[in-house]
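K.L.:
Mind looking over this structure? Questions follow.
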Amino acid sequence: MDWGLGHATRCIPIIRYLLEKQCEVTVAAEGAAALLLRSNFPELSIVPIEGYKIRYSRSAGTFAFKILMQVPKIFKAIQNEKKWLAKVQQQYKFDLVISDNRYGLKIEGLPSVIMTHQLQIKSGAGAVIDGLLLNLHCQILEQFDQCWVVDHQHENSIGGELSHPQKIPSNARYIGLLSQLDADITRSTVKEGKVLVLLSGPEPQRGLLEYEILSRITSNSLYRYTVVGGNPGESVPDVLPLGIDYYTHLNAFQLQELMHSADLVICRSGYSTLMDLVVMEKKALLIPTPGQSEQEYLAANLSKQGLFFSTKQASLDLESDISEALKRPGFAEASGGLQHQKMKEAVDEILGKLQKF
């Protein structure tokens, strides 16, 4: 789906493990997601698949309404996905499909897994509507052979009610956190005062946050900033504050090096970004996308637990907020060499089932 690059980045560890298991992997993606995956896996074949082409609001007040008005288009896109998969299956003869929130990638006779972290869709319209959405969502997810839930089942969960609602699909399996970053690589020294800004998500909000942050960086700043624009295929802005390092995007290895050395990360409270923070054990200033109820819930939930500091985009006071965020401890993953273990077990199991046919 066109929810930003996070849905692509969390597929990276799955692709890595499938390749490790000697599987022949084909990636289906377009646009920025395709560029990001190609930068990480230049050897893989990428088949273009049309996204949902969601249009997003510039204001928080109309965000949910604008999404709601596009529901008919989303359902049409799901039907188009089914037709697309049936067509490419004739050529590629896939043995298994693993998709991230692509509800149409399931056809008769082809084993299919759907991956999500958000079982409970937060509508912003109240508990009754959320309950109806949960029931509908479970029905859709149960049409797949397996539903992989990207979160820990018990302790160290970051999804809260989103991934642990009152009802879950009968085919749900929790596979832990999926980060494109490797927790077990030797870490470089943290540089005091170094701030890494990770921009992500769809336009126009990605660009609006970039403007809000860059316009607040002064020449006498207490901090040193590196910005990753999250906009593959675009160019570096013509005008930047002095002393700023700016990258349009980075592959996983390059991003990991920057995160290792950062004292603090400024970012959206998107789920995939949060997983990277957890794995890297970083402190962060969270700025949820205005009007996006999922990000607002995640930021509020983690802030309430005292783990991260969160602020609204419209209320950003950059250096003061950074100072507050540095006082919070962050969320330690403590993987102990077992990063992605649950995911690997899930992959092993479904590959084993395929071999029986």
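The chains in the structure tokens are called A, B, ... from first to last as shown; in each chain the residues are counted from 1, and the ligands are counted from 1 in the order shown.
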What are the nearest atom pairs, with distances in Å to one decimal, for all residues of range 191-224 of chain A that come at most 12 Å from range 261-285 of chain A, using only C-alpha atoms, set out by chain and rising residue number as a tab-separated table?
P.N.:
```
residue	atom	partner	partner_atom	distance
A:Lys191	CA	A:Ser261	CA	5.5
A:Glu192	CA	A:Asp263	CA	5.5
A:Gly193	CA	A:Asp263	CA	5.9
A:Lys194	CA	A:Ala262	CA	5.1
A:Val195	CA	A:Leu264	CA	5.0
A:Leu196	CA	A:Val265	CA	4.8
A:Val197	CA	A:Ile266	CA	4.7
A:Leu198	CA	A:Cys267	CA	5.0
A:Leu199	CA	A:Cys267	CA	6.1
A:Ser200	CA	A:Arg268	CA	6.9
A:Gly201	CA	A:Gly270	CA	8.0
A:Pro202	CA	A:Arg268	CA	11.3
A:Gln205	CA	A:Arg268	CA	10.4
A:Arg206	CA	A:Arg268	CA	9.2
A:Leu209	CA	A:Arg268	CA	9.2
A:Glu210	CA	A:Cys267	CA	10.3
A:Ile213	CA	A:Ile266	CA	9.5
A:Tyr223	CA	A:Asp263	CA	9.7
A:Arg224	CA	A:Ala262	CA	9.6
```
K.L.:
Write out as a ChimeraX atom specification which residues come within 6 Å of range 305-307 of chain A when counting only C-alpha atoms, dropping same-chain ones fewer than 4 positions away.
P.N.:
/A:328-330
K.L.:
Residues at most 10 Å from His154 in chain A, counting only C-alpha atoms, excluding those fewer than 5 positions away in the same chain, as a PyMOL selection string?
P.N.:
chain A and resi 164+174+176
K.L.:
When distances are computed from only C-alpha atoms, which of A:Leu36, A:Val149, A:Ile74, A:Leu181 shows the smallest separation from Pro169 in chain A?
P.N.:
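The shortest atom-to-atom distance to Pro169 in chain A comes from A:Val149.
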K.L.:
Fewer than 2 positions away in the same chain doesn't count, so skip those; otherwise give me all residues within 10 Å of Gly233 in chain A, counting only C-alpha atoms, as a list of chain:residue names.
P.N.:
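Here the qualifying residues turn out to be A:Gly31, A:Ala32, A:Leu35, A:Leu36, A:Gly230, A:Asn231, A:Ser235, A:Val236, A:Thr248, A:His249.
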K.L.:
May I have the residues from that selection written out with N, CA and C atoms, as a PDB file, in the first residue's frame?
P.N.:
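Final output, again-v3.pdb:
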```
ATOM      1  N   GLY A  31       7.606   2.673  -7.722  1.00  0.00           N
ATOM      2  CA  GLY A  31       7.942   3.971  -7.162  1.00  0.00           C
ATOM      3  C   GLY A  31       9.074   3.934  -6.153  1.00  0.00           C
ATOM      4  N   ALA A  32       8.907   4.713  -5.074  1.00  0.00           N
ATOM      5  CA  ALA A  32       9.951   4.845  -4.065  1.00  0.00           C
ATOM      6  C   ALA A  32      10.262   3.518  -3.389  1.00  0.00           C
ATOM      7  N   LEU A  35      12.567   1.561  -5.618  1.00  0.00           N
ATOM      8  CA  LEU A  35      13.918   2.123  -5.586  1.00  0.00           C
ATOM      9  C   LEU A  35      14.655   1.716  -4.318  1.00  0.00           C
ATOM     10  N   LEU A  36      13.955   1.776  -3.186  1.00  0.00           N
ATOM     11  CA  LEU A  36      14.583   1.408  -1.918  1.00  0.00           C
ATOM     12  C   LEU A  36      14.980  -0.066  -1.908  1.00  0.00           C
ATOM     13  N   GLY A 230      14.021  10.580   2.958  1.00  0.00           N
ATOM     14  CA  GLY A 230      12.971   9.592   2.717  1.00  0.00           C
ATOM     15  C   GLY A 230      12.250   9.818   1.404  1.00  0.00           C
ATOM     16  N   ASN A 231      12.972  10.335   0.411  1.00  0.00           N
ATOM     17  CA  ASN A 231      12.363  10.632  -0.890  1.00  0.00           C
ATOM     18  C   ASN A 231      13.251  10.140  -2.031  1.00  0.00           C
ATOM     19  N   SER A 235      15.800  15.101  -5.529  1.00  0.00           N
ATOM     20  CA  SER A 235      17.108  15.731  -5.381  1.00  0.00           C
ATOM     21  C   SER A 235      17.235  16.402  -4.019  1.00  0.00           C
ATOM     22  N   VAL A 236      18.469  16.711  -3.648  1.00  0.00           N
ATOM     23  CA  VAL A 236      18.729  17.424  -2.398  1.00  0.00           C
ATOM     24  C   VAL A 236      18.189  18.851  -2.529  1.00  0.00           C
ATOM     25  N   THR A 248      18.970  11.987   0.296  1.00  0.00           N
ATOM     26  CA  THR A 248      17.586  11.731  -0.115  1.00  0.00           C
ATOM     27  C   THR A 248      17.094  10.408   0.449  1.00  0.00           C
ATOM     28  N   HIS A 249      17.948   9.375   0.433  1.00  0.00           N
ATOM     29  CA  HIS A 249      17.632   8.096   1.073  1.00  0.00           C
ATOM     30  C   HIS A 249      18.929   7.313   1.223  1.00  0.00           C
TER      31      HIS A 249
END
```
K.L.:
Looking at A:Tyr225, A:Phe94, A:Phe75, A:Trp84, which one is nearest to Ile140 in chain A, with distances taken over only C-alpha atoms?
P.N.:
A:Phe75
